[in-house]
Structures are given as C-alpha cells and as structure tokens.
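Before any comments, here is the structure.
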Amino acid sequence: MNARAWWVLAKGVVLEALRRKDLWVVGILGALIVGAAGLLGLFGITGLEAFAKDLAVGVLGLFSTLMAVLSTARLMPEEIGRRTLYPLLARPISRFDLLLGKLLGAVLVSWAAFLLLCALTGGVLAAFRIPFEALMLQYVLAKMMGLVLLCGVTLALSCWMTPQAAATLSLLLAFGSPMVVRALVMAHDSAGEAMRLLFRALNAVLPQYSLFDLGGRVANFGWPMVPAWVMGWLAGYAAVYTAAMLVLAWVRFQRQAV
Amino acid sequence: MKTWLLSVGIFGAVLGVGWRLPELRPVVNPPQSSSTLDAHETSATASLVGQFRTSLSSWLWLRTDLYLHNGVQMRRMTREEIASGREAETPHHEGEHDEIAKGETDVVTVIPPKERDFRGVFGDVERAVSAYKDMKGHTHNDPRKALPLFRLMAWLDPEFTAAWTTGAYVYSLDRTPEAYARAIAFLREGLRANPDSIELHQQMGQALLVWRREPEQARRHLERAIELGKRLQTGMSEETSEALISAYRWLALLLRDQGQREQMRRVAWEGLRAFPDDRVLARQAVDPPSIYTDEAVDRMIRWAMDAARRN
C-alpha cells in the first residue's frame, strides 16, 4: 500500500485528461445545456420548473455517465498499448497500487466534469429563478458516489476486454441495469422457485446505479431529505462494490506479462 | 460533362422533392392521434420498454403524467397481475380534476411497495431515494401547472392531437369566460394544424355548445367530425372512436335542444349503427317520453341496440 504512489498516479490521469482536452467535451455539453435552456425560456419558465429541473438532472446524469465511462475505459489499455505501463511497473509500486491510483484519477476526472456540469446547470436554473433545496446537495453527493462505482466497473471491464467493448458494456450496464432490475421485480411473483433464486442472484450481482440517482425527488417538489442511514448505506455499497471490481481487475492484471 | 449534368440532375431532383415536401407531409404523416402511444400497455414487455418508442412530444406527454404524480412513476398492471387479483393504486376522484383521474384504472407504482418487493434492503433504499409513496387513493398536482408543457408539446409536434385537446381542457379548468376563450383559441390553433382531426372537431363542437352557447357553429364542427368518421375506412384508435361517439351524442343533444327531434333520432340511429353497444345513443335513438317507466325505457334501449346490431 503506497498512498503517495496513488496520488502521483491519480495526478497523472488528471493531467493526461487536461492534456487531451477531455474537459472541452464538458464545455461543449455545457453549451448544449445553455442552448436547450434558452429554447425552454422561449415558452416562459412559469409552470415549467419541474420540467426544467427534471431536464437538468437528466442531462447531468447522462453526460456525467458518458464522461466517466469514456475517460476510464481507455486508461489501462492505453498504458499497455503505448508500452508506458512497463516503466511504471519498474518503479517500486505494486500492480494493485497502480490500479488504485488509476481509479482515483478516473474518479477525480469524472467528479471534476460532473461538478463543472453541476455549476453550469445550477447557473442556468438560478437564472430562471428556480429555487434550490438542500436535497440537491444530497443529489450531488449520491451521484459522486455512483460515479466511483461506475469508474470501478469500467476499469475492471477494461482490464478484461478492449476499451471499446468495456465502454459499450459499461454504458449498457449503466443505462440497462435499472431496467433489468425492474423486470426482475415485475417477473418475480409469477416465477418459479429456481427462477426466483436466479433473480435474487442477478439483483445482488448487477451494479445498482439507479440507487445513486435522487433526480426523481430533486425534480419534483416537497420531497423530504433522504435519511442519513440511506446515504451511509450508499457509501458502503459503493465502497464494497468498487473494491470487488478492483480485485477483479487485479486478478486479470496479475497475469499481464511485463 | 456527363458528371456535371448528372450532378445538376440529382440536385434538381432533390430540390424538386424538397419543394413538394409540405404537400407530401399529409400523405406520409397524416394528422392522427398517436394511437400507438400507450405507455401503459398491459403486457410486461410494453410496460417496460413503452417509453422507448415514443417521440419527443410523446415523451413530454409521459413526463407531464409524471409531474401530475409529483414524480411518482406509475404503470398499468400486467395481465398476470390483474389475473392474480393485485389491488390497483387508483386515484381519489377530486372533482375538478376528474378528467385526469378517470383514465387511471389498474395502475400501480413502478417501484413496488415493501410487501411486494423481494429485494430486501435494495428495495428499501430505492424507495428512500426515489420519488415514491403509497399511491392508494392518490391525488394529482394541479394540471394547470403543466399547461406550458402542453404548449411545448403542440409546438414540437402540431399533429399530436392529444396535446391540443388536453391542453384546451386544462385551460378551461378555471371555468371563467376568459379561460374558455383561451381554450377555444387553443383548439382553433390545433384545428389549423389538423383540419381533419375528428377529436379536435368534436371537442371544438362540444366547447362551443357548452361554454359559448353557439349551437350553429358547434353543429358545423360536430357534423364535420361525423363526416370525417364516415370517411375513415381503416381501424380507428380508441381515442378517435370515443370522439366520434361523443360527436354523435352531442349533435343529437343539440338537435333535441333545437326541437328537431326527428333529426335527433336520425343522427342517433346513424351513430348507433356505427357503435351498437352505446347505451346513450340507443336512448337518444328511441327518444322515450318522460312518462315511461325505467323498465320500459330499458326495454326500448335493448331493442334499439339489437336493431342496430342486426343492421
């Protein structure tokens, strides 16, 4: 365990993202948000507050997911492809340290992109005089935890498959797993015993990204804050699941020839 | 030289087609209510992926439904759930918003209640982080707040007739002459975009008759709706059928109020031949004097419905 190495590696990932102008994508997406908001403004915002907030959290969720997956999926394959992995491994750091450092970097880049988008959409909502509620802070916090989970899953997948396949599968899991879980819940009552066991196993294994999305509450009015135990549980779930993903990546990375 | 000519020819053809596009529009995209937009279909697959096959305005329609429920996602029960006797979470009928509530039968929340959820703590957490509450006897947010969304829907897709008809209904909720005027102006705008819409003609006829007491203008719209209905050879959507039945009923009522009872019976019989199961039209067709007993009226209605079916 080498905390200094994690920090140096994470800083490297952030600098690489800046060098590659990844955050420009955030700027372009931000311009899209402002453009869409301008269009909305044409219709008058009175009565559209819920819609504007709904659109804002929807756009934030979509763009932050895309940014997280696309910036994480290429980290390890690029190091291997460009052969920059070997000098890294020649240093006194373990392979697990390397993975953890990369994950931290990916998380920092995703958080930076998400917070930038948050600031931009927050500014647009403020311009429309849409009130902020304390629940929005919980939304941001939960979303940041969800991004850790997403980066963990994408990093693990990218160690086992090509970056394109990892990105595709990660996006499928991010957008498809809530629907799969919904289908499991709907089908559970009419399923046989064996199928029910399978459903339970699937529910436990699938990454439950939708649990980190408080958008439904934030977009509408009068919903209370989420209890502290739920936020704690989300933090624990994200930590445990991400750790499992790191182990999965490490198992594959152990066999990577130097 | 040949390439140059070919390029000019292709460009000209594209330009020609483009020039004619406004005329092609009613052919390739005829104005009709979105009968395929039934996000609450009863099969499990449709219930799950229904939202994916909607256009932007249809998506807005679904979002509007969501805002009326303050973010709580609802869905129609599947056939299996209805067969198993699962209790629906139907709304509380709340007077002025009855129009909104009456369409919600056999609905449940998308996130199940604790007792129907096998996921344990995962389910508890989802209920805590999502917009979820027990919706038995639920109420709705004021639909007037969603009015800009109806305007947006109609602007995005002027041929989405449900946006015009529901928007007009929502305008009318204030029940003032100004509100009725705004509703009628909205319907008029809808009719300009959809001159052959049965739903819009029917609602305009009804609006002019009930809110404005303008029977002659109302009659023109109701007769136009019926005429368009007769022209419609292929299968009608449920919404269009309902609008057409309504057009027959309102026209019959209008004629009765004008003392034209023979014409009223003719219209009702005509409607009854198209919709033999409609009891209101059957009653209007036989037009019993008020001295008749309920049993006698019932016998007459049954006779009229049988006669319409035989024809």
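Labels used: A, B, ... for chains in the order of the structure tokens, numbers from 1 for residues in each chain, and numbers from 1 for ligands as shown.
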_Need the shell around range 247-251 of chain A: protein/DNA/RNA residues with any atom at most 12 Å away, counting only C-alpha atoms. Skip same-chain ones fewer than 5 positions apart. Format as a PyMOL selection string?_
chain A and resi 76+94-100+102-103+151-161+240-242+256
_Contact residues around Arg302 in chain B with only C-alpha atoms at 10 Å, ignoring same-chain residues under 6 positions, as a VMD selection string_ = chain B and resid 277 279 282 to 283 296 308
Please dump the current selection as an mmCIF file, in the first residue's frame; keep C-alpha atoms.
data_model
loop_
_atom_site.group_PDB
_atom_site.id
_atom_site.type_symbol
_atom_site.label_atom_id
_atom_site.label_comp_id
_atom_site.auth_asym_id
_atom_site.auth_seq_id
_atom_site.Cartn_x
_atom_site.Cartn_y
_atom_site.Cartn_z
ATOM 1 C CA ASP B 277 -73.103 -1.006 -27.854
ATOM 2 C CA ARG B 279 -76.484 2.957 -24.450
ATOM 3 C CA ALA B 282 -79.654 3.913 -28.036
ATOM 4 C CA ARG B 283 -81.628 6.057 -25.608
ATOM 5 C CA ALA B 296 -89.890 0.354 -20.361
ATOM 6 C CA ALA B 308 -78.569 -1.541 -34.701
#
*Given only C-alpha atoms as the counted atoms, nearest of B:Gln263, B:Ser237, B:Asn141, B:Thr293 to chain A*: B:Asn141
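Considering the residues B:Arg119, B:Arg127, B:Arg212, B:His140 and counting only C-alpha atoms, Val185 in chain A has its shortest atom-to-atom contact with B:Arg119.
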*Using only C-alpha atoms, which residues sit within 8 Å of Leu48 in chain A once same-chain residues fewer than 5 positions away are excluded, as a PyMOL selection string?*
chain B and resi 145-146+148-149
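Put simply, CA of Ala131 in chain B is 5.1 Å away from CA of Val72 in chain B.
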